[in-house]
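Student: Got a structure here, written out as structure tokens. Questions coming.
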Amino acid sequence: MPAPRLRTAFVAACLVLAAPLGACGDKPSTAPRAPAVATSAANAGGMAALTTAAKKEGSLNTVALPRDWANYGAVIDGFEKKYGIKVIVEDPEGTSQDEINALKEHRGGGRAPDVIDVGGSFARSAARQDLLAPYEVAAYDEIPREQKDDRARWSNNYGGYISIGCDAKRVKTCPATFADLRKPEYKGKVALNGNPTESNSAFAAVYAAALANGGSFDDVQPGIDFFAELSKNGNFIPVESTPATIAKGQTPISIDWDFLNLGYADEFRENGTDVDWRTAIPFDGSFAQYYANGVNKDAPHPAAARLWQEYVFSPEGQNLRLGAYARPVLMDAMEKDGTLDKAAAEKLPTVEGTPTFPTEAQTEKARETVDRGWAAAVSS
């Protein structure tokens with residue numbers, strides 16, 4: 001992942017604890033603004049004032065945050081314990097599109113999500129629709145320029161690489177590349193984590209497949225054609241892969257983020273599930289991406305929404321991501337300022353080369369192509 005600029009230990013210390021008003025330079029230079037329009041903690045009167053307001057609200061609405069996704073279970077538990085604020089998760093198995101839909105469908109109501117965690121293209125879409133509020137977390141300046149909105153409406157928080165997960169107890173030889181997935185021995189075994197027109201992880205898998213088959217950031221069609229071929233020969237099955245479908249043997253091969261596949265392996269071992277889940281990052285279709293966090297412009301709990309952002313971008317929140325194999329967006333800065341969990345970092349799989357990312361225009365073009373062509377190309 002691209003290296004952020006160095007963040008000082010001074011800033012890191014401010015992130016670890018909710019500093020009292022005026023500490024660590026967070027004393028506002030002007031009169032505090034209401035949380036609903038505050039663009040930073042200092043703008044809201046400082047971390048202590050923001051924390052007090054958030055505790056008074058008492059809860060935080062979220063949607064589509066599974067506990068086994070990027071360590072959200074520990075992130076939610078940590079936030080609740082630290083601040084005494086209840087995190088409500090609606091439709092935990094929902095998609096990025098479901099989150100955007102919830103912002104619009106529940107707008108102005110108490111059920112609306114206060115914050116979102118979505119793929120990059122979905123974050124940009126929400127920003128274009130004026131659904132997100134500008135907000136700069138304490139570490140905003142340390143987030144790489146290409147990993148955040150220039151108006152602070154969203155910032156990437158964690159990411160990973162597309163990988164191929166495989167149950168070695170049900171598959172004699174696990175595939176390591178996209179090319180391998182064409183083999184007849186994988187008939188009825190290959191799945192995605194959702195539909196790529198709605199799920200960012202599935203969309204990323206199509207993008208990775210395109211790169212492995214002569215495509216590029218400007219041309220995702222080879223990825224669609226690849227899955228159309230797998231569908232025609234019976235290798236690809238239109239079953240959304242989850243830990244439950246893996247345990248049942250329904251989806252013995254799953255193309256998904258490396259942090260999810262690696263986490264599933266730990267989960268199966270800890271639970272004694274009869275699955276030998278192995279993960280390979282395909283060299284022929286190396287594709288990395290981050291997930292973005294943002295605040296609902298009309299958040300029912302505006303202070304809690306902003307405090308949540310401070311938490312997930314703090315060293316504590318970022319290290320919790322790392323504990324589940326997700327790469328924190330502030331990883332390089334935390335390594336330099338001494339706040340990185342080095343033991344967890346050492347468990348990350350080695351990936352050759354430096355990742356590159358499609359531009360916003362390339363991503364939007366790819367998404368339009370997938371939205372337009374997926375259903376016709378891949379039988380369900």
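As shown in the structure tokens, the chain order sets the letters A, B, ...; within each chain, residues go from 1, and ligands are also counted from 1 in the order they appear.
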Hey, what's within 9 Å of Ala41 (chain A) if we count only C-alpha atoms and toss same-chain stuff fewer than 2 positions away? As a VMD selection string, please?
Tutor: chain A and resid 26 28 35 38 to 39 43 to 50 135 to 138 306 to 307 310
Student: Can you list, as number ranges by chain, every protein, DNA or RNA residue that comes within 12 Å of Tyr186 (chain A) when you count only C-alpha atoms, leaving out same-chain residues fewer than 5 positions away?
Tutor: A: 166-167, 170-175, 178-181, 191, 230-231, 233-237, 251-254
Student: Write the residues of the preceding selection, restricted to N, CA, C and O atoms, as a CSV table (one decimal), in the first residue's frame.
Tutor:
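Saved the output as result-v5.csv:
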```
chain,number,residue,atom,x,y,z
A,166,CYS,N,-9.6,-21.6,-0.5
A,166,CYS,CA,-9.9,-23.0,-1.0
A,166,CYS,C,-9.9,-24.0,0.2
A,166,CYS,O,-9.0,-23.9,1.1
A,167,ASP,N,-10.9,-24.9,0.2
A,167,ASP,CA,-10.9,-25.9,1.3
A,167,ASP,C,-10.1,-27.1,0.8
A,167,ASP,O,-10.6,-27.9,-0.1
A,170,ARG,N,-11.7,-30.6,0.6
A,170,ARG,CA,-12.7,-30.9,-0.5
A,170,ARG,C,-12.2,-30.7,-1.9
A,170,ARG,O,-12.8,-31.1,-2.9
A,171,VAL,N,-11.0,-30.0,-2.0
A,171,VAL,CA,-10.4,-29.8,-3.3
A,171,VAL,C,-9.0,-30.4,-3.3
A,171,VAL,O,-8.2,-30.0,-2.4
A,172,LYS,N,-8.7,-31.3,-4.2
A,172,LYS,CA,-7.5,-32.1,-4.1
A,172,LYS,C,-6.3,-31.2,-4.3
A,172,LYS,O,-5.3,-31.2,-3.5
A,173,THR,N,-6.3,-30.3,-5.3
A,173,THR,CA,-5.2,-29.3,-5.5
A,173,THR,C,-5.8,-27.9,-5.6
A,173,THR,O,-6.6,-27.6,-6.5
A,174,CYS,N,-5.5,-27.1,-4.6
A,174,CYS,CA,-6.1,-25.8,-4.6
A,174,CYS,C,-5.6,-24.8,-5.7
A,174,CYS,O,-4.3,-24.9,-5.9
A,175,PRO,N,-6.4,-24.0,-6.3
A,175,PRO,CA,-5.9,-23.1,-7.4
A,175,PRO,C,-5.1,-22.0,-6.8
A,175,PRO,O,-5.4,-21.5,-5.6
A,178,PHE,N,-5.8,-17.2,-11.4
A,178,PHE,CA,-7.1,-17.2,-12.2
A,178,PHE,C,-7.1,-18.2,-13.3
A,178,PHE,O,-8.1,-18.8,-13.6
A,179,ALA,N,-5.9,-18.4,-13.9
A,179,ALA,CA,-5.8,-19.4,-15.0
A,179,ALA,C,-6.2,-20.7,-14.5
A,179,ALA,O,-6.8,-21.5,-15.2
A,180,ASP,N,-5.8,-21.1,-13.2
A,180,ASP,CA,-6.1,-22.4,-12.7
A,180,ASP,C,-7.6,-22.6,-12.6
A,180,ASP,O,-8.1,-23.8,-12.7
A,181,LEU,N,-8.4,-21.6,-12.4
A,181,LEU,CA,-9.8,-21.7,-12.2
A,181,LEU,C,-10.5,-22.2,-13.4
A,181,LEU,O,-11.7,-22.7,-13.3
A,191,ALA,N,-16.9,-19.6,-6.4
A,191,ALA,CA,-17.9,-18.7,-6.0
A,191,ALA,C,-17.3,-17.3,-5.7
A,191,ALA,O,-16.1,-17.2,-5.6
A,230,LEU,N,-16.4,-19.3,-17.1
A,230,LEU,CA,-16.5,-20.2,-16.0
A,230,LEU,C,-17.9,-20.6,-15.7
A,230,LEU,O,-18.2,-21.8,-15.3
A,231,SER,N,-18.9,-19.7,-15.9
A,231,SER,CA,-20.3,-20.1,-15.8
A,231,SER,C,-20.7,-21.0,-16.8
A,231,SER,O,-21.4,-22.0,-16.5
A,233,ASN,N,-18.9,-23.2,-18.5
A,233,ASN,CA,-18.3,-24.6,-18.3
A,233,ASN,C,-18.7,-25.2,-17.0
A,233,ASN,O,-18.3,-26.3,-16.7
A,234,GLY,N,-19.4,-24.5,-16.2
A,234,GLY,CA,-19.9,-25.0,-14.9
A,234,GLY,C,-19.1,-24.9,-13.7
A,234,GLY,O,-19.4,-25.3,-12.6
A,235,ASN,N,-17.9,-24.2,-13.9
A,235,ASN,CA,-17.0,-24.0,-12.7
A,235,ASN,C,-17.6,-23.0,-11.8
A,235,ASN,O,-17.5,-23.1,-10.5
A,236,PHE,N,-18.1,-21.9,-12.3
A,236,PHE,CA,-18.6,-20.8,-11.5
A,236,PHE,C,-20.1,-21.1,-11.1
A,236,PHE,O,-20.9,-21.5,-11.9
A,237,ILE,N,-20.3,-20.9,-9.8
A,237,ILE,CA,-21.7,-21.1,-9.3
A,237,ILE,C,-22.2,-19.8,-8.7
A,237,ILE,O,-21.5,-19.1,-7.9
A,251,THR,N,-19.4,-23.9,-1.2
A,251,THR,CA,-18.5,-23.0,-2.0
A,251,THR,C,-17.1,-23.3,-1.6
A,251,THR,O,-16.4,-22.5,-0.9
A,252,PRO,N,-16.5,-24.4,-2.0
A,252,PRO,CA,-15.2,-24.8,-1.6
A,252,PRO,C,-14.1,-23.9,-2.1
A,252,PRO,O,-12.9,-24.0,-1.7
A,253,ILE,N,-14.4,-23.1,-3.1
A,253,ILE,CA,-13.4,-22.1,-3.7
A,253,ILE,C,-14.1,-20.8,-3.7
A,253,ILE,O,-15.1,-20.6,-4.3
A,254,SER,N,-13.5,-19.8,-3.0
A,254,SER,CA,-14.1,-18.5,-3.0
A,254,SER,C,-13.1,-17.4,-3.3
A,254,SER,O,-12.0,-17.3,-2.7
```
Student: Which residues, written as a list in words, have at least one atom at most 8 Å from Ala126 (chain A), with only C-alpha atoms counted and residues fewer than 5 positions away on the same chain left out?
Tutor: Ile100, Leu131 and Leu132 of chain A
Student: Would you write out those residues with N, CA and C atoms, as a short mmCIF file (atom, residue, chain, number, x, y, z; two decimals), in the first residue's frame?
Tutor:
```cif
data_model
loop_
_atom_site.label_atom_id
_atom_site.label_comp_id
_atom_site.auth_asym_id
_atom_site.auth_seq_id
_atom_site.Cartn_x
_atom_site.Cartn_y
_atom_site.Cartn_z
N ILE A 100 -25.73 2.48 0.74
CA ILE A 100 -26.11 3.71 0.03
C ILE A 100 -27.63 3.82 -0.02
N LEU A 131 -24.74 12.91 -0.03
CA LEU A 131 -25.23 12.14 1.11
C LEU A 131 -24.26 12.17 2.30
N LEU A 132 -23.05 12.66 2.08
CA LEU A 132 -22.02 12.59 3.11
C LEU A 132 -21.58 13.97 3.61
#
```
Student: Please extract the residues of region 234-338 of chain A with a backbone DSSP assignment of alpha helix (DSSP H) and present them as a ChimeraX atom specification.
Tutor: /A:243-247,258-271,302-312,315-322,331-337
Student: Restricted to C-alpha atoms, what would the selected residues look like written as a PDB file, in the first residue's frame?
Tutor:
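Everything below was put into selection-v5.pdb:
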```pdb
ATOM      1  CA  PRO A 243     -18.345 -18.958   6.199  1.00  0.00           C
ATOM      2  CA  ALA A 244     -21.584 -20.930   6.441  1.00  0.00           C
ATOM      3  CA  THR A 245     -21.585 -21.984   2.764  1.00  0.00           C
ATOM      4  CA  ILE A 246     -17.896 -22.865   3.031  1.00  0.00           C
ATOM      5  CA  ALA A 247     -18.470 -25.012   6.117  1.00  0.00           C
ATOM      6  CA  ASP A 258      -7.284 -11.796   1.579  1.00  0.00           C
ATOM      7  CA  PHE A 259      -8.213 -10.426   5.007  1.00  0.00           C
ATOM      8  CA  LEU A 260     -11.523 -12.278   4.860  1.00  0.00           C
ATOM      9  CA  ASN A 261     -10.112 -15.569   3.593  1.00  0.00           C
ATOM     10  CA  LEU A 262      -7.291 -15.484   6.150  1.00  0.00           C
ATOM     11  CA  GLY A 263      -9.746 -14.611   8.892  1.00  0.00           C
ATOM     12  CA  TYR A 264     -12.050 -17.460   7.901  1.00  0.00           C
ATOM     13  CA  ALA A 265      -9.149 -19.898   8.260  1.00  0.00           C
ATOM     14  CA  ASP A 266      -8.600 -18.733  11.844  1.00  0.00           C
ATOM     15  CA  GLU A 267     -12.327 -18.910  12.545  1.00  0.00           C
ATOM     16  CA  PHE A 268     -12.612 -22.484  11.270  1.00  0.00           C
ATOM     17  CA  ARG A 269      -9.612 -23.616  13.331  1.00  0.00           C
ATOM     18  CA  GLU A 270     -10.881 -21.967  16.500  1.00  0.00           C
ATOM     19  CA  ASN A 271     -14.360 -23.433  16.083  1.00  0.00           C
ATOM     20  CA  PRO A 302     -23.992  13.325  14.469  1.00  0.00           C
ATOM     21  CA  ALA A 303     -21.599  13.469  17.439  1.00  0.00           C
ATOM     22  CA  ALA A 304     -21.385   9.674  17.749  1.00  0.00           C
ATOM     23  CA  ALA A 305     -20.838   9.435  13.983  1.00  0.00           C
ATOM     24  CA  ARG A 306     -17.831  11.741  14.184  1.00  0.00           C
ATOM     25  CA  LEU A 307     -16.471  10.084  17.318  1.00  0.00           C
ATOM     26  CA  TRP A 308     -16.692   6.726  15.519  1.00  0.00           C
ATOM     27  CA  GLN A 309     -14.580   8.146  12.712  1.00  0.00           C
ATOM     28  CA  GLU A 310     -11.960   9.272  15.209  1.00  0.00           C
ATOM     29  CA  TYR A 311     -11.934   5.776  16.705  1.00  0.00           C
ATOM     30  CA  VAL A 312     -11.559   3.784  13.475  1.00  0.00           C
ATOM     31  CA  PRO A 315      -4.017   3.667  16.434  1.00  0.00           C
ATOM     32  CA  GLU A 316      -6.376   1.473  18.469  1.00  0.00           C
ATOM     33  CA  GLY A 317      -8.890   1.164  15.658  1.00  0.00           C
ATOM     34  CA  GLN A 318      -6.259   0.735  12.961  1.00  0.00           C
ATOM     35  CA  ASN A 319      -4.457  -1.992  14.909  1.00  0.00           C
ATOM     36  CA  LEU A 320      -7.740  -3.840  15.362  1.00  0.00           C
ATOM     37  CA  ARG A 321      -8.025  -3.943  11.567  1.00  0.00           C
ATOM     38  CA  LEU A 322      -4.492  -5.263  11.352  1.00  0.00           C
ATOM     39  CA  MET A 331       0.052   1.506   8.541  1.00  0.00           C
ATOM     40  CA  ASP A 332       3.291   3.086   7.326  1.00  0.00           C
ATOM     41  CA  ALA A 333       2.823   6.200   9.451  1.00  0.00           C
ATOM     42  CA  MET A 334       2.083   4.070  12.508  1.00  0.00           C
ATOM     43  CA  GLU A 335       5.191   1.987  11.899  1.00  0.00           C
ATOM     44  CA  LYS A 336       7.265   5.168  11.863  1.00  0.00           C
ATOM     45  CA  ASP A 337       5.713   6.701  14.980  1.00  0.00           C
TER      46      ASP A 337
END
```
Student: Leaving out Asp284 (chain A) and any residue of its chain fewer than 2 positions from it, which residues lie within 12 Å of it when counting only C-alpha atoms, given as an NGL selection string?
Tutor: :A and (162-164 or 176-181 or 207-215 or 280-282 or 286-287 or 352)
Student: Go ahead and save the picked residues with C-alpha atoms, as an mmCIF file, in the first residue's frame.
Tutor:
```
data_model
loop_
_atom_site.group_PDB
_atom_site.id
_atom_site.type_symbol
_atom_site.label_atom_id
_atom_site.label_comp_id
_atom_site.auth_asym_id
_atom_site.auth_seq_id
_atom_site.Cartn_x
_atom_site.Cartn_y
_atom_site.Cartn_z
ATOM 1 C CA ILE A 162 -8.123 -10.124 -3.941
ATOM 2 C CA SER A 163 -7.309 -13.731 -3.094
ATOM 3 C CA ILE A 164 -8.482 -17.273 -3.788
ATOM 4 C CA ALA A 176 -3.319 -20.391 -7.034
ATOM 5 C CA THR A 177 -4.141 -18.269 -10.084
ATOM 6 C CA PHE A 178 -7.106 -17.161 -12.153
ATOM 7 C CA ALA A 179 -5.810 -19.354 -14.973
ATOM 8 C CA ASP A 180 -6.092 -22.373 -12.668
ATOM 9 C CA LEU A 181 -9.798 -21.714 -12.152
ATOM 10 C CA TYR A 207 -11.482 -6.337 -11.943
ATOM 11 C CA ALA A 208 -8.707 -8.712 -10.835
ATOM 12 C CA ALA A 209 -9.858 -11.323 -13.343
ATOM 13 C CA ALA A 210 -9.707 -8.681 -16.063
ATOM 14 C CA LEU A 211 -6.081 -7.885 -15.190
ATOM 15 C CA ALA A 212 -5.301 -11.610 -15.345
ATOM 16 C CA ASN A 213 -6.841 -11.974 -18.795
ATOM 17 C CA GLY A 214 -5.469 -9.153 -20.898
ATOM 18 C CA GLY A 215 -7.605 -6.372 -19.470
ATOM 19 C CA ALA A 280 -3.495 -17.686 -2.300
ATOM 20 C CA ILE A 281 -3.011 -14.203 -3.736
ATOM 21 C CA PRO A 282 -2.957 -14.757 -7.526
ATOM 22 C CA SER A 286 -3.020 -8.826 -8.371
ATOM 23 C CA PHE A 287 -5.604 -6.231 -7.340
ATOM 24 C CA GLU A 352 5.380 -8.846 -4.564
#
```
Student: Got a sec: who's within 10 Å of Phe122 (chain A), counting only C-alpha atoms, leaving out chain neighbours fewer than 5 positions off, as a PyMOL selection string?
Tutor: chain A and resi 96-97+99-100+116-117+127-128+198-200+291-292+364+367
Student: Include N, CA and C atoms and write out the residues we just selected as a compact mmCIF listing (two decimals), in the first residue's frame.
Tutor:
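Wrote result04.txt, looks like this:
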```txt
# COMPACT_ATOMS: atom_id res chain seq x y z
N SER A 96 -22.37 -2.93 -0.03
CA SER A 96 -22.10 -1.50 -0.13
C SER A 96 -23.31 -0.77 -0.72
N GLN A 97 -23.94 -1.36 -1.71
CA GLN A 97 -25.12 -0.73 -2.31
C GLN A 97 -26.26 -0.63 -1.30
N GLU A 99 -25.93 -0.11 1.80
CA GLU A 99 -25.61 1.02 2.67
C GLU A 99 -26.03 2.34 2.03
N ILE A 100 -25.73 2.48 0.74
CA ILE A 100 -26.11 3.71 0.03
C ILE A 100 -27.63 3.82 -0.02
N ILE A 116 -20.99 5.09 7.17
CA ILE A 116 -20.94 4.02 6.17
C ILE A 116 -19.52 3.49 6.04
N ASP A 117 -19.42 2.24 5.61
CA ASP A 117 -18.15 1.60 5.27
C ASP A 117 -18.40 0.91 3.95
N ALA A 127 -20.93 10.57 -2.27
CA ALA A 127 -20.50 11.97 -2.21
C ALA A 127 -21.14 12.78 -3.32
N ARG A 128 -21.19 12.22 -4.52
CA ARG A 128 -21.80 12.93 -5.65
C ARG A 128 -23.28 13.19 -5.42
N GLU A 198 -23.50 -5.22 -6.90
CA GLU A 198 -23.88 -4.71 -5.59
C GLU A 198 -22.78 -4.83 -4.55
N SER A 199 -21.96 -5.85 -4.68
CA SER A 199 -20.91 -6.14 -3.71
C SER A 199 -19.56 -5.64 -4.21
N ASN A 200 -18.88 -4.82 -3.41
CA ASN A 200 -17.59 -4.28 -3.84
C ASN A 200 -16.53 -5.37 -3.93
N TYR A 291 -11.29 0.18 1.62
CA TYR A 291 -12.69 0.50 1.92
C TYR A 291 -12.75 1.85 2.60
N ALA A 292 -13.76 2.63 2.24
CA ALA A 292 -13.88 4.00 2.71
C ALA A 292 -14.92 4.14 3.81
N GLU A 364 -15.25 4.15 -12.22
CA GLU A 364 -16.64 4.40 -12.59
C GLU A 364 -16.96 3.78 -13.94
N ARG A 367 -17.31 0.07 -13.33
CA ARG A 367 -18.57 -0.27 -12.65
C ARG A 367 -19.74 -0.20 -13.61
```
Student: Between A:Lys169, A:His301, A:Lys56, A:Lys248, single out the one closest to Gly84 (chain A), counting only C-alpha atoms.
Tutor: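 Checking each of A:Lys169, A:His301, A:Lys56, A:Lys248 against Gly84 (chain A), counting only C-alpha atoms, the winner is A:Lys56.
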Student: Quick one: distance from CA of Lys55 (chain A) to CA of Arg107 (chain A) in Å, one decimal?
Tutor: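 Separation between CA of Lys55 (chain A) and CA of Arg107 (chain A): 22.5 Å.
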Student: Please return as a list in words: the residues of region 63-122 of chain A that backbone DSSP assigns to strand (DSSP E or B).
Tutor: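 So, restricting region 63-122 of chain A to strand (DSSP E or B), we get Val63, Lys86, Val87, Ile88, Val89, Glu90, Val115, Ile116, Asp117, Val118 and Gly119 of chain A.
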Student: Looking at A:Pro92, A:Gly159, A:Gly110, A:Pro238, which one is nearest to Leu192 (chain A), with distances taken over only C-alpha atoms?
Tutor: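 Of the candidates, the smallest distance to Leu192 (chain A) is held by A:Pro238.
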Student: What separation in Å, quoted to one decimal, exists between CA of Asp276 (chain A) and CA of Gln250 (chain A)?
Tutor: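 About the pair CA of Asp276 (chain A) and CA of Gln250 (chain A): they are 14.3 Å apart.
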Student: For a quick check of understanding, using only C-alpha atoms, which of A:Ala204, A:Val378, A:Tyr161, A:Asp256 has the smallest distance to Thr354 (chain A)?
Tutor: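 Comparing A:Ala204, A:Val378, A:Tyr161, A:Asp256 against Thr354 (chain A), the winner is A:Tyr161.
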Student: Please list as a PyMOL selection string every residue within 8 Å of Ile85 (chain A), counting only C-alpha atoms and excluding residues in the same chain fewer than 6 positions away.
Tutor: chain A and resi 54-55+58-60+79+304
Student: Put those residues in a file: all heavy atoms, as a short mmCIF file (atom, residue, chain, number, x, y, z; two decimals), in the first residue's frame.
Tutor:
```cif
data_model
loop_
_atom_site.label_atom_id
_atom_site.label_comp_id
_atom_site.auth_asym_id
_atom_site.auth_seq_id
_atom_site.Cartn_x
_atom_site.Cartn_y
_atom_site.Cartn_z
N ALA A 54 -21.42 12.87 22.13
CA ALA A 54 -21.70 11.54 21.60
C ALA A 54 -22.28 10.63 22.68
O ALA A 54 -23.22 9.87 22.44
CB ALA A 54 -20.42 10.93 21.02
N LYS A 55 -21.73 10.71 23.88
CA LYS A 55 -22.24 9.90 24.99
C LYS A 55 -23.68 10.29 25.31
O LYS A 55 -24.50 9.44 25.67
CB LYS A 55 -21.36 10.06 26.21
CG LYS A 55 -20.01 9.36 26.11
CD LYS A 55 -19.21 9.50 27.39
CE LYS A 55 -17.92 8.72 27.33
NZ LYS A 55 -17.14 8.84 28.59
N GLY A 58 -25.88 8.55 22.92
CA GLY A 58 -26.02 7.19 23.45
C GLY A 58 -25.96 6.03 22.49
O GLY A 58 -25.81 4.88 22.91
N SER A 59 -26.09 6.27 21.19
CA SER A 59 -26.05 5.14 20.25
C SER A 59 -25.55 5.58 18.89
O SER A 59 -25.47 6.78 18.58
CB SER A 59 -27.45 4.50 20.11
OG SER A 59 -28.38 5.44 19.63
N LEU A 60 -25.20 4.58 18.09
CA LEU A 60 -24.68 4.81 16.74
C LEU A 60 -25.34 3.81 15.81
O LEU A 60 -25.31 2.61 16.05
CB LEU A 60 -23.16 4.61 16.72
CG LEU A 60 -22.49 4.74 15.35
CD1 LEU A 60 -22.18 6.21 15.05
CD2 LEU A 60 -21.18 3.93 15.29
N PHE A 79 -15.23 0.17 20.72
CA PHE A 79 -15.88 1.49 20.74
C PHE A 79 -16.91 1.57 21.86
O PHE A 79 -16.98 2.55 22.60
CB PHE A 79 -16.53 1.75 19.39
CG PHE A 79 -17.21 3.10 19.27
CD1 PHE A 79 -16.47 4.26 19.07
CD2 PHE A 79 -18.60 3.20 19.36
CE1 PHE A 79 -17.09 5.50 18.95
CE2 PHE A 79 -19.23 4.43 19.24
CZ PHE A 79 -18.48 5.58 19.04
N ALA A 304 -21.86 11.06 17.70
CA ALA A 304 -21.39 9.67 17.75
C ALA A 304 -20.78 9.26 16.41
O ALA A 304 -19.79 8.52 16.37
CB ALA A 304 -22.53 8.74 18.13
#
```
Student: Find the residue from A:Ala53, A:Ala377, A:Val206, A:Ala74 that sits nearest to Glu229 (chain A); use only C-alpha atoms when measuring.
Tutor: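 Counting only C-alpha atoms, the residue closest to Glu229 (chain A) is A:Ala377.
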Student: With a distance cut-off of 9 Å and only C-alpha atoms, select the neighbouring residues of Ala102 (chain A), excluding the residue or stretch itself and same-chain residues fewer than 6 positions from it, and output the selection as a ChimeraX atom specification.
Tutor: /A:63,111-113
Student: Keeping only all heavy atoms, write the selected residues as an mmCIF file, in the first residue's frame.
Tutor:
```cif
data_model
loop_
_atom_site.group_PDB
_atom_site.id
_atom_site.type_symbol
_atom_site.label_atom_id
_atom_site.label_comp_id
_atom_site.auth_asym_id
_atom_site.auth_seq_id
_atom_site.Cartn_x
_atom_site.Cartn_y
_atom_site.Cartn_z
ATOM 1 N N VAL A 63 -24.945 -0.047 9.256
ATOM 2 C CA VAL A 63 -25.574 -1.069 8.425
ATOM 3 C C VAL A 63 -24.477 -1.843 7.709
ATOM 4 O O VAL A 63 -23.419 -1.301 7.379
ATOM 5 C CB VAL A 63 -26.558 -0.431 7.404
ATOM 6 C CG1 VAL A 63 -25.818 0.500 6.444
ATOM 7 C CG2 VAL A 63 -27.349 -1.484 6.641
ATOM 8 N N ARG A 111 -33.751 5.769 11.887
ATOM 9 C CA ARG A 111 -33.131 4.498 11.502
ATOM 10 C C ARG A 111 -31.970 4.677 10.538
ATOM 11 O O ARG A 111 -31.240 3.733 10.254
ATOM 12 C CB ARG A 111 -34.163 3.591 10.840
ATOM 13 C CG ARG A 111 -35.170 2.954 11.781
ATOM 14 C CD ARG A 111 -36.080 2.030 11.003
ATOM 15 N NE ARG A 111 -35.334 1.021 10.250
ATOM 16 C CZ ARG A 111 -35.791 0.429 9.150
ATOM 17 N NH1 ARG A 111 -36.978 0.764 8.649
ATOM 18 N NH2 ARG A 111 -35.064 -0.488 8.539
ATOM 19 N N ALA A 112 -31.779 5.861 10.015
ATOM 20 C CA ALA A 112 -30.730 6.085 9.023
ATOM 21 C C ALA A 112 -29.358 5.756 9.606
ATOM 22 O O ALA A 112 -29.092 6.035 10.777
ATOM 23 C CB ALA A 112 -30.763 7.530 8.553
ATOM 24 N N PRO A 113 -28.486 5.165 8.803
ATOM 25 C CA PRO A 113 -27.138 4.901 9.307
ATOM 26 C C PRO A 113 -26.395 6.207 9.562
ATOM 27 O O PRO A 113 -26.486 7.144 8.772
ATOM 28 C CB PRO A 113 -26.492 4.095 8.178
ATOM 29 C CG PRO A 113 -27.271 4.425 6.953
ATOM 30 C CD PRO A 113 -28.668 4.678 7.421
#
```
Student: Go through A:Ser201, A:Asn71, A:Gln129, A:Thr279 and flag the residue nearest Thr350 (chain A), using only C-alpha atoms for the distances.
Tutor: A:Thr279
Student: Could you tell me which of A:Val295, A:Ala375, A:Leu103, A:Ala288 comes closest to Val37 (chain A) if we count only C-alpha atoms?
Tutor: A:Val295
